[in-house]
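One structure below.
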Amino acid sequence: MENATKCIHSGYTPKNGESRMIPIIQSTTFKYDTSEDMGKLFDLEASGYFYTRLQNPTNDMVAAKICALEGGSAAMLTSSGQAANFFAAFNIASNGDHIVASSSIYGGTFNLFNVTMRKMGVDFTFISPDSSDEEIQAAFKPNTKAVFGETIANPALTVFDIERWAKIAHKNGVPLIVDNTFATPINCRPFEWGADIVTHSTTKYMDGHDATVGGCIVDSGKFDWMAHAEKFPGLCTPDESYHGITYAVKFGKEGAFITKCTAQLMRDFGSIPSPMNAYMLNLGLESLPVRMKQHCANGQAVAEFLESHKNVAWVNYPGLKDNKYHELAKKYMPDGTCGVVSFGVKGGRKAAEKFMKHLKLAMIATHVADARTCVLHPASATHRQLTDEELVACGVAPDMVRFSCGIEATEDIIADLKQALDSI
């Protein structure tokens with residue numbers, strides 16, 4: 001079944017006379033006839049639901065749809081993309097462990113790893129996604145438990161060489177975690193290139209309508225935890241909080257990671273989306289293939305237009321033939337990358353600020369990957385406390401504009417850009 005069909009039909013199959021749409025189980029609590037019935041759930045001896053802080057039927061139906069889209073074995077929804085990345089990493093790396101990560105990942109994820117998780121005792125080494133095989137190998141330590149990267153980095157738009165990094169991760173006996181938010185499984189399925197765990201901020205293209213914050217973790221079901229049991233005691237030794245269950249033994253390669261993530265991390269942190277949010281995410285998923293096609297078409301057209309405008313200093317978009325990552329983009333995303341384009345306005349910070357004031361259609365917002373065209377000038381917004389020198393040092397040029405193409409008519413987006421650039 002193609003992903004365009006899975007977006008409509010996967011995750012939930014109604015029986016005779018049942019609701020065609022995924023039902024919203026807006027309940028914290030589930031009733032059982034006997035304590036013994038409920039006890040089997042707490043012992044992980046039976047499947048079912050006992051408290052929405054851990055699992056909810058509506059959420060699981062939507063997670064199953066995303067799992068099918070990615071070609072995984074199991075999945076879970078989280079309350080945000082940040083929660084998804086935290087859970088995915090913390091599920092296998094804890095105090096005293098180490099993770100190798102791409103240095104061009106989303107700033108929020110970078111801070112989560114570099115500041116918050118360091119406080120929890122997890123060490124990180126950040127290296128360029130363009131590093132040589134030898135440089136990547138040199139970043140590994142005896143206590144390395146995972147490798148992390150983004151298919152298309154936000155907002156750097158670097159393209160991650162999934163297959164190459166996966167081979168090096170597996171050579172060292174650890175899984176590769178890939179954040180696939182910008183590409184979505186419509187344009188790239190990282191498992192097909194060797195990735196082991198995929199995460200998403202479903203807030204972006206998957207929801208696509210400024211409606212719900214959310215995240216998702218999908219397991220490929222292919223990484224053999226027991227083959228590297230000494231590295232992953234949380235999965236490969238008994239969990240005394242569940243009567244000595246060993247996840248990798250009881251649930252196998254296909255179910256161990258997500259079961260542990262649910263039974264331990266979701267139990268203790270409770271970062272679960274509301275069933276209503278999951279329902280709304282499902283509505284976004286149903287139109288995802290159609291929207292991604294238009295996002296990518298608009299991104300390509302906008303990038304090509306910007307290249308030709310006299311007031312544009314530079315353009316960064318993987319779909320451009322002279323882009324550094326064009327060949328990798330063709331390999332991993334032959335049908336398109338994303339709708340996000342970054343570019344520099346001639347005249348620096350002041351010129352970029354003036355450009356922003358003249359936009360009429362594009363919405364000034366910190367958001368990206370939405371049905372509406374969104375635009376941000378980091379130097380005057382998210383990074384406004386930094387000097388021009390500090391901006392350059394952290395990879396955000398003073399003249400940089402992040403432009404997220406929506407699904408409006410291409411001609412209207414370009415007309416808005418043109419009038420704003422012409423007004424500088």
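In the structure tokens, chains take letters A, B, ... by order of appearance, with residues numbered from 1 within each chain and ligands from 1 in the order shown.
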I want to know what sits within 6 Å of range 305-321 of chain A, based on only C-alpha atoms, with residues of the same chain fewer than 3 positions away left out; could you give that as an mmCIF file with N, CA and C atoms, in the first residue's frame?
```cif
data_model
loop_
_atom_site.group_PDB
_atom_site.id
_atom_site.type_symbol
_atom_site.label_atom_id
_atom_site.label_comp_id
_atom_site.auth_asym_id
_atom_site.auth_seq_id
_atom_site.Cartn_x
_atom_site.Cartn_y
_atom_site.Cartn_z
ATOM 1 N N VAL A 302 10.133 29.358 -5.068
ATOM 2 C CA VAL A 302 10.591 30.513 -4.289
ATOM 3 C C VAL A 302 12.117 30.588 -4.295
ATOM 4 N N TYR A 325 24.062 20.325 -0.775
ATOM 5 C CA TYR A 325 23.421 19.056 -0.405
ATOM 6 C C TYR A 325 22.487 18.531 -1.497
ATOM 7 N N HIS A 326 22.602 19.078 -2.693
ATOM 8 C CA HIS A 326 21.658 18.709 -3.747
ATOM 9 C C HIS A 326 21.723 17.215 -4.080
ATOM 10 N N VAL A 341 12.911 27.604 2.985
ATOM 11 C CA VAL A 341 14.033 28.215 2.266
ATOM 12 C C VAL A 341 14.655 29.264 3.175
ATOM 13 N N SER A 342 15.966 29.328 3.219
ATOM 14 C CA SER A 342 16.616 30.426 3.940
ATOM 15 C C SER A 342 17.410 31.255 2.937
ATOM 16 N N PHE A 343 17.471 32.558 3.181
ATOM 17 C CA PHE A 343 18.197 33.446 2.277
ATOM 18 C C PHE A 343 18.669 34.695 3.020
ATOM 19 N N GLY A 344 19.595 35.391 2.412
ATOM 20 C CA GLY A 344 20.117 36.619 2.995
ATOM 21 C C GLY A 344 19.677 37.824 2.187
ATOM 22 N N VAL A 345 19.326 38.887 2.893
ATOM 23 C CA VAL A 345 18.919 40.131 2.245
ATOM 24 C C VAL A 345 20.127 41.061 2.154
ATOM 25 N N LYS A 346 20.384 41.574 0.967
ATOM 26 C CA LYS A 346 21.504 42.510 0.803
ATOM 27 C C LYS A 346 21.278 43.743 1.670
#
```
Shell around Ala64 in chain A at 8 Å using only C-alpha atoms, local window under 4 positions removed, as a PyMOL selection string = chain A and resi 10-11+60+68+74-76
Would you output that residue set with N, CA and C atoms, as a short mmCIF file (atom, residue, chain, number, x, y, z; two decimals), in the first residue's frame?
```
data_model
loop_
_atom_site.label_atom_id
_atom_site.label_comp_id
_atom_site.auth_asym_id
_atom_site.auth_seq_id
_atom_site.Cartn_x
_atom_site.Cartn_y
_atom_site.Cartn_z
N SER A 10 -4.64 3.76 7.30
CA SER A 10 -3.88 3.02 8.31
C SER A 10 -4.21 3.48 9.73
N GLY A 11 -3.97 2.59 10.68
CA GLY A 11 -4.10 2.92 12.10
C GLY A 11 -5.43 2.56 12.72
N ASP A 60 -3.04 5.88 20.30
CA ASP A 60 -2.39 4.69 19.73
C ASP A 60 -2.81 4.45 18.29
N ALA A 68 2.96 3.00 10.32
CA ALA A 68 2.78 2.40 8.99
C ALA A 68 3.44 3.26 7.92
N ALA A 74 6.62 -0.37 15.79
CA ALA A 74 5.85 0.15 16.93
C ALA A 74 6.09 1.65 17.03
N ALA A 75 5.12 2.36 17.60
CA ALA A 75 5.24 3.82 17.70
C ALA A 75 4.44 4.32 18.89
N MET A 76 4.78 5.53 19.33
CA MET A 76 4.04 6.19 20.39
C MET A 76 4.00 7.69 20.14
#
```
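Near range 162-173 of chain A, within 6 Å and counting only C-alpha atoms, sit Trp193, Gly194 and Ala195 of chain A; same-chain residues fewer than 4 positions away were not included.
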Problem set entry | Residue nearest Phe87 in chain A - candidates A:Glu389, A:Asp268, A:Asp399, A:Glu411, atoms counted: only C-alpha atoms |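 Of the candidates, the smallest distance to Phe87 in chain A is held by A:Asp268.
The gap separating CA of Leu417 in chain A from CA of Val375 in chain A is 10.7 Å, in Å to one decimal.
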**Message:** Report as number ranges by chain all protein, DNA and RNA residues lying within 7 Å of range 233-250 of chain A, evaluated on only C-alpha atoms, omitting residues in the same chain fewer than 5 positions from it.
**Reply:** A: 43, 92, 225-226, 256, 260
Restricting the output to N, CA, C and O atoms, write the selected residues as a PDB file, in the first residue's frame.
```pdb
ATOM      1  N   ASP A  43       1.307  -5.646  35.106  1.00  0.00           N
ATOM      2  CA  ASP A  43       2.420  -6.590  34.980  1.00  0.00           C
ATOM      3  C   ASP A  43       2.883  -6.754  33.529  1.00  0.00           C
ATOM      4  O   ASP A  43       3.768  -7.562  33.249  1.00  0.00           O
ATOM      5  N   ILE A  92      17.542   5.001  26.107  1.00  0.00           N
ATOM      6  CA  ILE A  92      18.699   4.108  25.991  1.00  0.00           C
ATOM      7  C   ILE A  92      19.980   4.705  26.564  1.00  0.00           C
ATOM      8  O   ILE A  92      20.989   4.009  26.688  1.00  0.00           O
ATOM      9  N   TRP A 225      18.911  -5.485  20.213  1.00  0.00           N
ATOM     10  CA  TRP A 225      19.382  -5.007  21.509  1.00  0.00           C
ATOM     11  C   TRP A 225      20.165  -6.086  22.253  1.00  0.00           C
ATOM     12  O   TRP A 225      21.202  -5.810  22.860  1.00  0.00           O
ATOM     13  N   MET A 226      19.690  -7.325  22.185  1.00  0.00           N
ATOM     14  CA  MET A 226      20.340  -8.410  22.928  1.00  0.00           C
ATOM     15  C   MET A 226      21.725  -8.743  22.381  1.00  0.00           C
ATOM     16  O   MET A 226      22.568  -9.263  23.101  1.00  0.00           O
ATOM     17  N   ALA A 256      10.389  -3.985  22.055  1.00  0.00           N
ATOM     18  CA  ALA A 256      11.083  -3.661  23.305  1.00  0.00           C
ATOM     19  C   ALA A 256      11.225  -2.164  23.523  1.00  0.00           C
ATOM     20  O   ALA A 256      10.934  -1.644  24.614  1.00  0.00           O
ATOM     21  N   LYS A 260       9.238  -0.182  26.592  1.00  0.00           N
ATOM     22  CA  LYS A 260      10.002   0.409  27.693  1.00  0.00           C
ATOM     23  C   LYS A 260       9.758   1.909  27.767  1.00  0.00           C
ATOM     24  O   LYS A 260       9.593   2.482  28.853  1.00  0.00           O
TER      25      LYS A 260
END
```
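You can rank A:Asn298, A:Asn154, A:Gly121, A:Phe86 by their closest distance to Gly107 in chain A using only C-alpha atoms, and at the top of that list sits A:Asn154.
CA of Leu157 in chain A sits 18.4 Å away from CA of Gln294 in chain A.
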field: Long-range neighbours of Glu286 in chain A as a PyMOL selection string, 12 Å cut-off, only C-alpha atoms, 6 positions minimum in chain
entry: chain A and resi 3-11+21-22+62+65-66+69+186+205-208+279-280+292
Under the rule of at most 9 Å, produce a per-residue listing of range 188-242 of chain A near range 331-338 of chain A: chain, number, name, the closest pair of atoms, and the distance in Å, as JSON lines, using only C-alpha atoms.
```
{"residue": "A:Cys188", "atom": "CA", "partner": "A:Met333", "partner_atom": "CA", "distance": 5.5}
{"residue": "A:Arg189", "atom": "CA", "partner": "A:Tyr332", "partner_atom": "CA", "distance": 8.3}
{"residue": "A:Pro190", "atom": "CA", "partner": "A:Tyr332", "partner_atom": "CA", "distance": 8.4}
{"residue": "A:Trp193", "atom": "CA", "partner": "A:Tyr332", "partner_atom": "CA", "distance": 8.3}
```
DSSP-assigned strand (DSSP E or B) members of range 106-344 of chain A, reported as a PyMOL selection string: chain A and resi 123-127+144-150+152+159+176-179+197-201+215-219+239+245+312-316+340-344
**Spatial neighbours of Tyr32 in chain A, 12 Å, only C-alpha atoms, chain gap at least 2 places, as a list in words** =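 The contact residues come out as Thr29, Phe30, Thr34, Ser35, Glu36, Asp37, Met38, Gly39, Lys40, Leu41, Gly48, Tyr49, Phe50 and Tyr51 of chain A.
Using only C-alpha atoms, the residues found no farther than 7 Å from Asp196 in chain A, other than those of its own chain fewer than 3 positions away, are Pro175, Leu176, Ile177, Phe191, Asp219, Ser220, Lys222 and Phe223 of chain A.
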| Taking into account only C-alpha atoms, which residue in the set A:Ala93, A:Leu54, A:Met356, A:Ala139 is nearest to Ser380 in chain A? |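 Nearest to Ser380 in chain A: A:Met356.
Atom pair CA of Ser131 in chain A / CA of Ala369 in chain A: separated by 27.7 Å.
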